[in-house]
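Enquirer: Take this structure, written in structure tokens, and hold onto it; I'll ask about it next.
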Amino acid sequence: MSRKIYINSEIVSEENAKVSVLDHGYLYGDGVFEGIRAYNGRVFKLDEHIKRLYQSAKTIMLKIELTPAEMKEAILETIRANELKDAYIRVVISRGIGDLGLDPLKCKNSTLVIIASKISLYDPKFYEEGLKIKTVPTRRNGPEMVNPRIKSLNYLNNIMARIEANLMNSPEAIMLNSEGYVAECTGDNIFIVYDGELITPPITAGILRGIKREVAMQLAEELGLNVKEMLFTRHDLFNAEECFLTGTAAEVIPVVEVDGRQIGSGKPGPYTNNIIEKFRELTQSTGVPIYK
């Protein structure tokens, strides 16, 4: 079955899904996006994703033509058109068609694209055995530049880090901020268990405030872990008892080695495994129903 794509209030076949070459999203990466997951016929944390989408758009003064309620229905409509129960949904909003100049005032209407498909970011064995990853030279953009809390279409910073990871045969890459503290990975937030506490970098470290990050923190507290948002270095990471990543595509995935240093026992730790289990249970039982 041909994939169905939502473009500016119409659902069309993938072959007919076209965006102008003069769209500022294409020319300049001028726009915002969200990655959302659906499990078992329910869209997980849909309201939270939509809220972050509109916050990103507001910061860059990008007008979204739909209301949040209309956006929610457009997302559900796209999933239904593709007859999916489990899906990865990408919502992309660009500044729209303008000219070759930078001026966003030349763009009269934003462009909305919604894609619903399946995704498998990591081999299933990594969830059982854990990732072995490396730190890369490219630093994470700080809030004094393009604020990382804006989930923008300009992902070149992350792509450069991803290229460096590929050159080192690493499935993911850790990015430091300009001060040398651990920030996040190319597409995931990072956590460590250290001295019996769950620690993740604060927003001020220059990270995206991940939806799955918030879920993992909540689940950890329910498991009795003291959760802290604080700065930490590679030294703390190397000496952590456990480490895991969270992200919409990655979900919750363990890390067992960083820059050649074994993390903990070299296997996914008990807290990580418990959070993974609780996360999977949660995704199967909560969310906005796709089909009525």
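Identifiers in this document derive from the order of the structure tokens: chains are assigned A, B, ..., residues are numbered from 1 separately in each chain, and ligands are numbered from 1 in order of occurrence.
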Need to verify the contact set: region 154-168 of chain A, 6 Å, only C-alpha atoms, exclusion of same-chain residues closer than 3 positions in sequence. Can you return it as a ChimeraX atom specification?
Expert: /A:29,138,173,186
Enquirer: Export, as a PDB file, in the first residue's frame, the selected residues with C-alpha atoms.
Expert:
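Now in part-v4.pdb:
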```
ATOM      1  CA  GLY A  29      16.022  24.706   7.490  1.00  0.00           C
ATOM      2  CA  THR A 138      31.314  18.446  17.646  1.00  0.00           C
ATOM      3  CA  ALA A 173      27.377   9.793  19.801  1.00  0.00           C
ATOM      4  CA  THR A 186      22.613  13.202  18.491  1.00  0.00           C
TER       5      THR A 186
END
```
Enquirer: From a DSSP calculation on the backbone, collect every residue of region 182-230 of chain A in strand (DSSP E) and output the set as an mmCIF file with N, CA and C atoms, in the first residue's frame.
Expert:
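Result file states_27.cif:
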```
data_model
loop_
_atom_site.group_PDB
_atom_site.id
_atom_site.type_symbol
_atom_site.label_atom_id
_atom_site.label_comp_id
_atom_site.auth_asym_id
_atom_site.auth_seq_id
_atom_site.Cartn_x
_atom_site.Cartn_y
_atom_site.Cartn_z
ATOM 1 N N VAL A 182 28.695 16.913 29.767
ATOM 2 C CA VAL A 182 27.865 16.043 28.937
ATOM 3 C C VAL A 182 26.516 16.728 28.701
ATOM 4 N N ALA A 183 26.084 16.826 27.437
ATOM 5 C CA ALA A 183 24.804 17.452 27.114
ATOM 6 C C ALA A 183 23.786 16.374 26.749
ATOM 7 N N GLU A 184 23.934 15.816 25.569
ATOM 8 C CA GLU A 184 23.020 14.775 25.113
ATOM 9 C C GLU A 184 23.652 14.057 23.935
ATOM 10 N N CYS A 185 22.900 13.147 23.321
ATOM 11 C CA CYS A 185 23.388 12.459 22.130
ATOM 12 C C CYS A 185 22.789 13.109 20.887
ATOM 13 N N ASN A 189 18.314 11.922 24.786
ATOM 14 C CA ASN A 189 18.784 12.404 26.083
ATOM 15 C C ASN A 189 19.545 11.291 26.787
ATOM 16 N N ILE A 190 20.380 11.659 27.754
ATOM 17 C CA ILE A 190 21.233 10.682 28.418
ATOM 18 C C ILE A 190 21.038 10.718 29.931
ATOM 19 N N PHE A 191 21.113 9.538 30.548
ATOM 20 C CA PHE A 191 20.982 9.373 31.992
ATOM 21 C C PHE A 191 22.101 8.491 32.509
ATOM 22 N N ILE A 192 22.502 8.743 33.753
ATOM 23 C CA ILE A 192 23.409 7.815 34.437
ATOM 24 C C ILE A 192 22.864 7.516 35.828
ATOM 25 N N VAL A 193 23.167 6.328 36.312
ATOM 26 C CA VAL A 193 22.938 6.000 37.724
ATOM 27 C C VAL A 193 24.294 6.099 38.399
ATOM 28 N N TYR A 194 24.382 6.973 39.407
ATOM 29 C CA TYR A 194 25.656 7.263 40.072
ATOM 30 C C TYR A 194 25.396 7.374 41.571
ATOM 31 N N GLU A 197 21.744 7.249 42.568
ATOM 32 C CA GLU A 197 20.822 8.292 42.123
ATOM 33 C C GLU A 197 20.785 8.322 40.591
ATOM 34 N N LEU A 198 19.635 8.694 40.045
ATOM 35 C CA LEU A 198 19.519 8.849 38.605
ATOM 36 C C LEU A 198 19.791 10.310 38.266
ATOM 37 N N ILE A 199 20.758 10.535 37.389
ATOM 38 C CA ILE A 199 21.200 11.893 37.057
ATOM 39 C C ILE A 199 21.083 12.111 35.551
ATOM 40 N N THR A 200 20.579 13.270 35.173
ATOM 41 C CA THR A 200 20.496 13.663 33.776
ATOM 42 C C THR A 200 20.855 15.137 33.659
ATOM 43 N N ASN A 226 16.111 8.426 43.498
ATOM 44 C CA ASN A 226 16.190 9.873 43.629
ATOM 45 C C ASN A 226 16.702 10.435 42.309
ATOM 46 N N VAL A 227 15.913 11.295 41.672
ATOM 47 C CA VAL A 227 16.259 11.817 40.353
ATOM 48 C C VAL A 227 16.804 13.235 40.484
ATOM 49 N N LYS A 228 17.954 13.482 39.848
ATOM 50 C CA LYS A 228 18.580 14.797 39.887
ATOM 51 C C LYS A 228 18.881 15.293 38.474
ATOM 52 N N GLU A 229 18.633 16.569 38.235
ATOM 53 C CA GLU A 229 19.078 17.231 37.016
ATOM 54 C C GLU A 229 20.307 18.038 37.398
#
```
Enquirer: Between A:Ile150, A:Ile79, A:Leu53, A:Met71, which residue has the minimum interatomic distance to Tyr291 (chain A), considering only C-alpha atoms?
Expert: A:Ile79
Enquirer: Could you tell me how far CA of Glu14 (chain A) lies from CA of Leu76 (chain A), in Å and to one decimal?
Expert: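 Value for the CA of Glu14 (chain A)-CA of Leu76 (chain A) distance: 17.5 Å.
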Enquirer: In Å, how far is it from CA of Thr246 (chain A) to CA of Ile89 (chain A)?
Expert: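 Between CA of Thr246 (chain A) and CA of Ile89 (chain A) the gap is 17.0 Å.
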Enquirer: Using only C-alpha atoms, which residues of region 29-130 of chain A come within 9 Å of region 207-220 of chain A, and what is the closest atom pair for each, with the distance in Å to one decimal? Give it as a tab-separated table, sorted by chain and residue number.
Expert:
```
residue	atom	partner	partner_atom	distance
A:Lys45	CA	A:Ile211	CA	7.6
A:Glu48	CA	A:Ile211	CA	7.1
A:His49	CA	A:Ile211	CA	7.2
A:Arg52	CA	A:Ile211	CA	8.9
```
Enquirer: Could you write out that same residue set with C-alpha atoms as a PDB file, in the first residue's frame?
Expert:
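Result file follows (selection_14.pdb):
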```pdb
ATOM      1  CA  LYS A  45       1.976  11.729  24.905  1.00  0.00           C
ATOM      2  CA  GLU A  48       2.829  17.024  25.245  1.00  0.00           C
ATOM      3  CA  HIS A  49       4.311  16.764  21.745  1.00  0.00           C
ATOM      4  CA  ARG A  52       6.296  21.493  22.451  1.00  0.00           C
TER       5      ARG A  52
END
```
Enquirer: Just the residues within 6 Å of Tyr88 (chain A), please, counting only C-alpha atoms, with nothing from its chain fewer than 2 positions along; format it as a CSV table (one decimal) with N, CA and C atoms, in the first residue's frame.
Expert:
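Wrote it out as result-v6.csv, contents follow:
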```csv
chain,number,residue,atom,x,y,z
A,36,ILE,N,6.7,11.6,17.0
A,36,ILE,CA,5.7,11.1,17.9
A,36,ILE,C,5.5,9.6,17.7
A,37,ARG,N,5.2,8.9,18.7
A,37,ARG,CA,5.0,7.4,18.6
A,37,ARG,C,3.6,7.0,18.9
A,116,ALA,N,3.2,9.4,8.6
A,116,ALA,CA,3.0,8.3,9.6
A,116,ALA,C,3.6,7.0,8.9
A,117,SER,N,4.5,6.4,9.6
A,117,SER,CA,5.2,5.2,9.1
A,117,SER,C,5.7,4.3,10.2
A,118,LYS,N,6.5,3.4,9.9
A,118,LYS,CA,7.1,2.5,10.9
A,118,LYS,C,8.6,2.9,11.0
A,119,ILE,N,9.2,2.7,12.2
A,119,ILE,CA,10.6,3.0,12.4
A,119,ILE,C,11.2,2.0,13.3
```
Enquirer: So which bits of region 104-206 of chain A end up helix (DSSP H, G or I) when you DSSP the backbone, as a list in words?
Expert: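 Listing helix (DSSP H, G or I) positions across region 104-206 of chain A yields Pro104, Leu105, Lys106, Pro124, Lys125, Phe126, Tyr127, Glu128, Glu129, Leu156, Asn157, Asn158, Ile159, Met160, Ala161, Arg162, Ile163, Glu164, Ala165, Asn166, Leu167, Ile203, Thr204 and Ala205 of chain A.
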Enquirer: Which residues, written as a PyMOL selection string, have at least one atom at most 12 Å from region 59-61 of chain A, with only C-alpha atoms counted and residues fewer than 3 positions away on the same chain left out?
Expert: chain A and resi 29-32+52-56+64+93-95+104-105+107+110+146-153
Enquirer: If you measure from CA of Ser178 (chain A) to CA of Pro254 (chain A), what distance in Å do you get, rounded to one decimal?
Expert: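 Pair CA of Ser178 (chain A) / CA of Pro254 (chain A) returns 25.7 Å.
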Enquirer: Which of these, A:Ile114, A:Val43, A:Leu237, A:Leu121, has the shortest distance to Thr135 (chain A) once you count only C-alpha atoms?
Expert: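 Closest residue, counting only C-alpha atoms: A:Leu237.
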Enquirer: Compare A:Pro171, A:Ile75, A:Leu225, A:Ile275 by their minimum atom-to-atom distance to Gly196 (chain A), counting only C-alpha atoms, and give me the closest one.
Expert: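 Under the stated criterion, the closest residue is A:Leu225.
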Enquirer: Set the distance at 7 Å and use only C-alpha atoms: which residues neighbour Val256 (chain A) once local chain neighbours fewer than 6 positions away are removed? I'd like the list as a PyMOL selection string.
Expert: chain A and resi 130-132+243+262-263+266-268
Enquirer: How about saving the chosen residues, C-alpha atoms kept, as a PDB file, in the first residue's frame?
Expert:
```
ATOM      1  CA  GLY A 130      23.340  -2.402  25.398  1.00  0.00           C
ATOM      2  CA  LEU A 131      25.079   0.148  23.198  1.00  0.00           C
ATOM      3  CA  LYS A 132      28.802   0.854  22.988  1.00  0.00           C
ATOM      4  CA  CYS A 243      23.695   4.488  31.715  1.00  0.00           C
ATOM      5  CA  GLN A 262      32.927  -0.307  30.565  1.00  0.00           C
ATOM      6  CA  ILE A 263      29.894   1.073  32.372  1.00  0.00           C
ATOM      7  CA  GLY A 266      29.174  -4.162  31.251  1.00  0.00           C
ATOM      8  CA  LYS A 267      25.546  -5.281  31.002  1.00  0.00           C
ATOM      9  CA  PRO A 268      22.259  -3.339  31.223  1.00  0.00           C
TER      10      PRO A 268
END
```
Enquirer: Can you pull out the residues contacting Gly206 (chain A)? Cut-off 7 Å, using only C-alpha atoms, and skip same-chain residues under 6 positions away; I want them as a PDB file with N, CA and C atoms, in the first residue's frame.
Expert:
```
ATOM      1  N   ARG A 140      27.580  20.547  21.344  1.00  0.00           N
ATOM      2  CA  ARG A 140      26.154  20.869  21.271  1.00  0.00           C
ATOM      3  C   ARG A 140      25.976  22.375  21.264  1.00  0.00           C
ATOM      4  N   ASN A 141      25.079  22.855  20.398  1.00  0.00           N
ATOM      5  CA  ASN A 141      24.753  24.278  20.405  1.00  0.00           C
ATOM      6  C   ASN A 141      24.245  24.691  21.781  1.00  0.00           C
ATOM      7  N   GLY A 142      24.676  25.870  22.238  1.00  0.00           N
ATOM      8  CA  GLY A 142      24.209  26.370  23.526  1.00  0.00           C
ATOM      9  C   GLY A 142      23.002  27.271  23.364  1.00  0.00           C
ATOM     10  N   PRO A 143      22.302  27.582  24.473  1.00  0.00           N
ATOM     11  CA  PRO A 143      21.129  28.443  24.397  1.00  0.00           C
ATOM     12  C   PRO A 143      21.434  29.856  23.934  1.00  0.00           C
ATOM     13  N   PRO A 148      18.692  25.057  21.904  1.00  0.00           N
ATOM     14  CA  PRO A 148      18.422  23.639  21.639  1.00  0.00           C
ATOM     15  C   PRO A 148      17.017  23.196  22.021  1.00  0.00           C
ATOM     16  N   ASN A 177      28.763  20.035  25.844  1.00  0.00           N
ATOM     17  CA  ASN A 177      28.459  21.442  25.573  1.00  0.00           C
ATOM     18  C   ASN A 177      29.754  22.246  25.519  1.00  0.00           C
ATOM     19  N   ALA A 183      26.084  16.826  27.437  1.00  0.00           N
ATOM     20  CA  ALA A 183      24.804  17.452  27.114  1.00  0.00           C
ATOM     21  C   ALA A 183      23.786  16.374  26.749  1.00  0.00           C
TER      22      ALA A 183
END
```
